[in-house]
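J.: The structure under discussion is supplied below as structure tokens; questions concerning it will follow.
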Amino acid sequence: MSLSETAHAKINLTLHVTGKRTDGYHLLDSLVVFAAAADTLSYLPSCSPLSLDFTGPFGQVLATEATDDNLVIRAARLLAEDRATEQTGRLILEKNLPVASGIGGGSADAAATLRLLDRVWELNTPPDRLHSIAMQLGADVPVCLAQHPTRMSGIGEQLAPAPALPDCGMILVNCGEAVSTPAVFKARTKSFSPEATFPASWPDAKAMATDLARLTNDLEAPACDICPTIRTVLNTIAGLPGCRLSRMSGSGATCFGLFDTAAAADTAASALTHNPTGAGWWVHAGPLLR
Ligand SMILES: C[C@](O)(CO)[C@H](O)COP(=O)(O)OP(=O)(O)OC[C@H]1O[C@@H](n2ccc(N)nc2=O)[C@H](O)[C@@H]1O
Ligand SMILES: Nc1ncnc2c1ncn2[C@@H]1O[C@H](COP(=O)(O)OP(=O)(O)OP(=O)(O)O)[C@@H](O)[C@H]1O
């Protein structure tokens with residue numbers, strides 16, 4: 001049995017804010033996909049009470065926060081309480097994804113925790129129960145359970161199949177400034193957007209990017225007001241050779257660029273690492289997972 005799970009970065013190719021609930025949460029309509037970039041969560045069997053350690057380039061950021069607040073521990077506790085099981089073992093999170101960056105790293109980690117512990121603690125939790133535990137952890141956690149391209153609506157709990165996606169390359173770029181999700185939602189000034197319409201499929205990456213350009217991420221403008229560097233990142237990505245579309249993911253600050261192939265994305269990422277504007281930025285290139 002594998003004792004690890006991969007927690008892929010979540011990318012909102014489109015994100016329309018379609019309304020607001022009375023409890024303050026916003027209604028969304030989003031085309032969500034996953035990138036190859038990922039954290040890895042591992043489990044070492046032990047009879048000791050559950051613990052969590054961090055490795056990886058962004059592990060130190062989380063090590064300075066209270067472990068009990070980490071979404072991995074919160075997910076483990078919620079699952080154990082729901083299933084009335086003992087909380088034992090040692091968890092290690094290799095944190096490769098930038099924190100508070102709009103690519104749902106914490107949400108992906110929480111979902112990976114639910115998948116991993118359900119397996120290693122042999123719980124066989126029914127899928128609808130896992131979905132409801134996921135929702136209690138955050139609006140982005142349910143979509144991260146399956147890690148498939150998904151049309152996400154409601155506040156994140158309604159999941160439907162996405163259009164069939166073509167082969168496509170993607171780069172992710174983060175300028176290193178953490179952006180608070182509630183602050184971005186609060187900074188919105190625009191009226192609500194309609195739900196998006198999508199075809200059943202796109203023939204290739206170029207057709208997909210051209211079609212997606214008529215839709216938006218409604219959080220992009222408020223996030224740029226809070227963190228103006230995002231605008232520089234978007235313009236820099238758009239200027240890279242072969243870029244078909246540049247847009248921000250989630251509530252930012254990470255932005256993505258779409259390319260015809262993963263190889264084209266790789267070439268663009270190398271060009272970016274040689275560009276002095278992007279000094280110190282986190283850059284990932286790879287395929288869009290289908
Ligand atoms: C913006 C997205 O990244 C798009 O995928 C997600 O909707 C955010 O998901 P998340 O980080 O898991 O969000 P949560 O941890 O549940 O909520 C953080 C805060 O974001 C705001 N929030 C979040 C989701 C949503 N549908 N409406 C909201 O208004 C609320 O102020 C909430 O207190
Ligand atoms: N395992 C975790 N990884 C990242 N952040 C975590 C984790 N656990 C708790 N957090 C907290 O959650 C906050 C949001 O982090 P996260 O990286 O999930 O943001 P995000 O990428 O903007 O998410 P989203 O796209 O879902 O809004 C961070 O400020 C951090 O303090």
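Residues are named by chain letter and number: chains run A, B, ... in the order of the structure tokens, numbers start at 1 in each chain, and ligands are numbered from 1 in the order shown.
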When DSSP works through the backbone of this structure, what residues of region 21-254 of chain A end up as strand (DSSP E), shown as a PyMOL selection string?
T.: chain A and resi 26-49+51-55+88-94+150-154+158-161+169-174+245-248
J.: Hey, which residues come within 8 Å of ligand 1 if we count only C-alpha atoms and all ligand atoms? Could you give them as a PyMOL selection string?
T.: chain A and resi 10-12+15+20+24-28+30+32+102-104+106-107+135+137-141+154-156+181-183+185-186+219+249-251
J.: Please list as JSON, numbers by chain every residue within 10 Å of region 146-149 of chain A, counting only C-alpha atoms and excluding residues in the same chain fewer than 3 positions away.
T.: {"A": [6, 7, 8, 9, 10, 11, 12, 31, 32, 33, 34, 35, 108, 111, 112, 115, 131, 141, 142, 143, 152, 159, 160, 161, 162, 163, 164, 165, 288, 289, 290]}
J.: Would you write out those residues with C-alpha atoms, as a compact mmCIF listing (two decimals), in the first residue's frame?
T.:
# COMPACT_ATOMS: atom_id res chain seq x y z
CA THR A 6 0.23 13.85 -4.24
CA ALA A 7 -1.58 17.17 -3.73
CA HIS A 8 -1.68 18.94 -7.11
CA ALA A 9 -2.00 22.70 -7.56
CA LYS A 10 -5.57 23.78 -8.40
CA ILE A 11 -5.93 26.28 -11.24
CA ASN A 12 -9.10 28.29 -11.95
CA LEU A 31 -13.54 25.81 -14.63
CA VAL A 32 -10.99 24.12 -12.38
CA VAL A 33 -8.02 22.09 -13.62
CA PHE A 34 -4.88 20.69 -11.98
CA ALA A 35 -1.19 21.26 -12.73
CA ALA A 108 -5.04 20.18 -1.94
CA ALA A 111 -7.90 16.63 0.40
CA ALA A 112 -4.71 14.51 0.18
CA ARG A 115 -7.55 10.30 0.83
CA HIS A 131 -17.20 15.32 0.35
CA VAL A 141 -11.29 21.17 -0.67
CA PRO A 142 -14.09 19.10 -2.36
CA VAL A 143 -12.77 19.80 -5.88
CA MET A 152 -17.28 24.01 -9.91
CA LEU A 159 -19.02 19.62 -8.93
CA ALA A 160 -19.77 18.63 -12.54
CA PRO A 161 -17.59 17.26 -15.36
CA ALA A 162 -15.54 19.83 -17.29
CA PRO A 163 -15.47 19.98 -21.11
CA ALA A 164 -13.02 17.45 -22.61
CA LEU A 165 -9.65 19.21 -22.53
CA LEU A 288 -2.29 20.58 -17.73
CA LEU A 289 -3.53 17.32 -16.13
CA ARG A 290 -6.49 15.82 -18.06
J.: Which residues are near region 261-277 of chain A? Cut-off 9 Å, only C-alpha atoms, ignore same chain within fewer than 6 positions. Put them as a list of chain:residue names.
T.: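 Counting only C-alpha atoms, the residues come to A:Asp167, A:Cys168, A:Gly169, A:Met170, A:Ile171, A:Leu172, A:Ala205, A:Thr232, A:Val233, A:Thr236, A:Ile237, A:Leu240, A:Pro241, A:Gly242, A:Cys243, A:Val283, A:His284, A:Ala285, A:Gly286, A:Pro287, A:Leu288.
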J.: Pick the closest to Ala36 (chain A) from A:Ala110, A:Leu50, A:Leu97, A:Ile226: which is it, counting only C-alpha atoms?
T.: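 The shortest atom-to-atom distance to Ala36 (chain A) comes from A:Leu97.
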J.: Give me every helix (DSSP H, G or I) residue in region 13-225 of chain A, going by DSSP on the backbone, as number ranges by chain.
T.: A: 59-63, 67-69, 71-83, 105-120, 127-137, 141-146, 181-186, 205-212, 220-225
J.: Of the candidates A:Thr18, A:Ser48, A:Thr67, A:Thr229, which one gets nearest to Asn217 (chain A) if we count only C-alpha atoms?
T.: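 Smallest distance to Asn217 (chain A) is found for A:Thr18.
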J.: What lies within 10 Å of Thr189 (chain A) using only C-alpha atoms, ignoring chain neighbours under 5 positions off, as an MDAnalysis selection string?
T.: chainID A and resid 218:219 221:222
J.: Pull N, CA and C atoms from the residues just selected and write them as a CSV table (one decimal), in the first residue's frame.
T.:
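Written out: part.csv:
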chain,number,residue,atom,x,y,z
A,218,ASP,N,-13.0,37.0,-12.1
A,218,ASP,CA,-13.5,38.2,-11.6
A,218,ASP,C,-12.8,38.7,-10.4
A,219,LEU,N,-11.9,37.8,-9.8
A,219,LEU,CA,-11.1,38.3,-8.7
A,219,LEU,C,-9.7,38.9,-9.1
A,221,ALA,N,-9.0,41.7,-11.0
A,221,ALA,CA,-8.9,43.1,-10.8
A,221,ALA,C,-8.8,43.5,-9.3
A,222,PRO,N,-9.6,43.0,-8.4
A,222,PRO,CA,-9.4,43.3,-7.0
A,222,PRO,C,-8.1,42.9,-6.5
J.: Nearest residue to Val120 (chain A) out of A:Ser4, A:Ile92, A:Ala223, A:Val184, using only C-alpha atoms?
T.: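 Closest candidate: A:Ser4.
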J.: Interatomic distance between CA of Ser46 (chain A) and CA of Gln87 (chain A)?
T.: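 Going from CA of Ser46 (chain A) over to CA of Gln87 (chain A), I get 10.1 Å.
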J.: Determine, counting only C-alpha atoms, which protein, DNA and RNA residues have an atom within 10 Å of an atom of Arg247 (chain A); residues of the same chain fewer than 4 positions away are not included. Present the result as a PyMOL selection string.
T.: chain A and resi 12-14+172+213+216-217+220+230-231+233-235+237-238+252+254-258
J.: For the selection just defined, write its residues with N, CA and C atoms to a file, as a PDB file, in the first residue's frame.
T.:
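The file below, result34.pdb, is the result:
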ATOM      1  N   ASN A  12      -7.789  27.838 -11.444  1.00  0.00           N
ATOM      2  CA  ASN A  12      -9.095  28.286 -11.946  1.00  0.00           C
ATOM      3  C   ASN A  12      -8.861  28.892 -13.328  1.00  0.00           C
ATOM      4  N   LEU A  13      -9.184  28.125 -14.407  1.00  0.00           N
ATOM      5  CA  LEU A  13      -9.008  28.672 -15.771  1.00  0.00           C
ATOM      6  C   LEU A  13      -9.968  29.834 -15.987  1.00  0.00           C
ATOM      7  N   THR A  14     -11.169  29.736 -15.391  1.00  0.00           N
ATOM      8  CA  THR A  14     -12.129  30.852 -15.382  1.00  0.00           C
ATOM      9  C   THR A  14     -12.718  30.905 -13.981  1.00  0.00           C
ATOM     10  N   LEU A 172       3.097  28.372 -14.395  1.00  0.00           N
ATOM     11  CA  LEU A 172       2.565  29.048 -13.213  1.00  0.00           C
ATOM     12  C   LEU A 172       3.649  29.986 -12.720  1.00  0.00           C
ATOM     13  N   ALA A 213     -10.679  33.191 -23.506  1.00  0.00           N
ATOM     14  CA  ALA A 213     -10.373  34.626 -23.419  1.00  0.00           C
ATOM     15  C   ALA A 213     -11.638  35.474 -23.301  1.00  0.00           C
ATOM     16  N   THR A 216     -13.671  35.287 -17.741  1.00  0.00           N
ATOM     17  CA  THR A 216     -12.798  36.081 -16.860  1.00  0.00           C
ATOM     18  C   THR A 216     -12.476  35.346 -15.562  1.00  0.00           C
ATOM     19  N   ASN A 217     -11.505  35.880 -14.841  1.00  0.00           N
ATOM     20  CA  ASN A 217     -11.401  35.619 -13.400  1.00  0.00           C
ATOM     21  C   ASN A 217     -11.818  36.933 -12.746  1.00  0.00           C
ATOM     22  N   GLU A 220      -9.460  38.874 -10.433  1.00  0.00           N
ATOM     23  CA  GLU A 220      -8.166  39.380 -10.908  1.00  0.00           C
ATOM     24  C   GLU A 220      -8.015  40.885 -10.629  1.00  0.00           C
ATOM     25  N   ILE A 230       0.947  41.720  -9.438  1.00  0.00           N
ATOM     26  CA  ILE A 230       0.233  40.698 -10.231  1.00  0.00           C
ATOM     27  C   ILE A 230       0.082  41.168 -11.680  1.00  0.00           C
ATOM     28  N   ARG A 231      -0.186  42.474 -11.874  1.00  0.00           N
ATOM     29  CA  ARG A 231      -0.341  43.025 -13.227  1.00  0.00           C
ATOM     30  C   ARG A 231       0.966  42.844 -14.011  1.00  0.00           C
ATOM     31  N   VAL A 233       3.202  40.543 -13.482  1.00  0.00           N
ATOM     32  CA  VAL A 233       3.338  39.101 -13.770  1.00  0.00           C
ATOM     33  C   VAL A 233       2.481  38.736 -14.987  1.00  0.00           C
ATOM     34  N   LEU A 234       1.233  39.212 -15.005  1.00  0.00           N
ATOM     35  CA  LEU A 234       0.322  38.891 -16.122  1.00  0.00           C
ATOM     36  C   LEU A 234       0.894  39.375 -17.457  1.00  0.00           C
ATOM     37  N   ASN A 235       1.404  40.624 -17.455  1.00  0.00           N
ATOM     38  CA  ASN A 235       1.954  41.190 -18.698  1.00  0.00           C
ATOM     39  C   ASN A 235       3.216  40.446 -19.123  1.00  0.00           C
ATOM     40  N   ILE A 237       3.967  37.262 -18.512  1.00  0.00           N
ATOM     41  CA  ILE A 237       3.580  35.947 -19.063  1.00  0.00           C
ATOM     42  C   ILE A 237       3.039  36.134 -20.485  1.00  0.00           C
ATOM     43  N   ALA A 238       2.171  37.144 -20.659  1.00  0.00           N
ATOM     44  CA  ALA A 238       1.552  37.367 -21.982  1.00  0.00           C
ATOM     45  C   ALA A 238       2.618  37.630 -23.052  1.00  0.00           C
ATOM     46  N   GLY A 252      -5.428  34.746  -6.300  1.00  0.00           N
ATOM     47  CA  GLY A 252      -4.076  35.241  -6.531  1.00  0.00           C
ATOM     48  C   GLY A 252      -3.141  34.908  -5.376  1.00  0.00           C
ATOM     49  N   THR A 254      -0.868  33.843  -7.742  1.00  0.00           N
ATOM     50  CA  THR A 254      -0.293  33.050  -8.829  1.00  0.00           C
ATOM     51  C   THR A 254      -1.062  33.271 -10.126  1.00  0.00           C
ATOM     52  N   CYS A 255      -0.325  33.432 -11.224  1.00  0.00           N
ATOM     53  CA  CYS A 255      -0.918  33.580 -12.555  1.00  0.00           C
ATOM     54  C   CYS A 255      -0.446  32.421 -13.414  1.00  0.00           C
ATOM     55  N   PHE A 256      -1.257  32.099 -14.432  1.00  0.00           N
ATOM     56  CA  PHE A 256      -0.865  31.004 -15.332  1.00  0.00           C
ATOM     57  C   PHE A 256      -0.805  31.522 -16.764  1.00  0.00           C
ATOM     58  N   GLY A 257      -0.048  30.796 -17.587  1.00  0.00           N
ATOM     59  CA  GLY A 257      -0.033  31.023 -19.030  1.00  0.00           C
ATOM     60  C   GLY A 257      -0.337  29.701 -19.700  1.00  0.00           C
ATOM     61  N   LEU A 258      -1.143  29.727 -20.766  1.00  0.00           N
ATOM     62  CA  LEU A 258      -1.452  28.503 -21.520  1.00  0.00           C
ATOM     63  C   LEU A 258      -0.637  28.481 -22.811  1.00  0.00           C
TER      64      LEU A 258
END
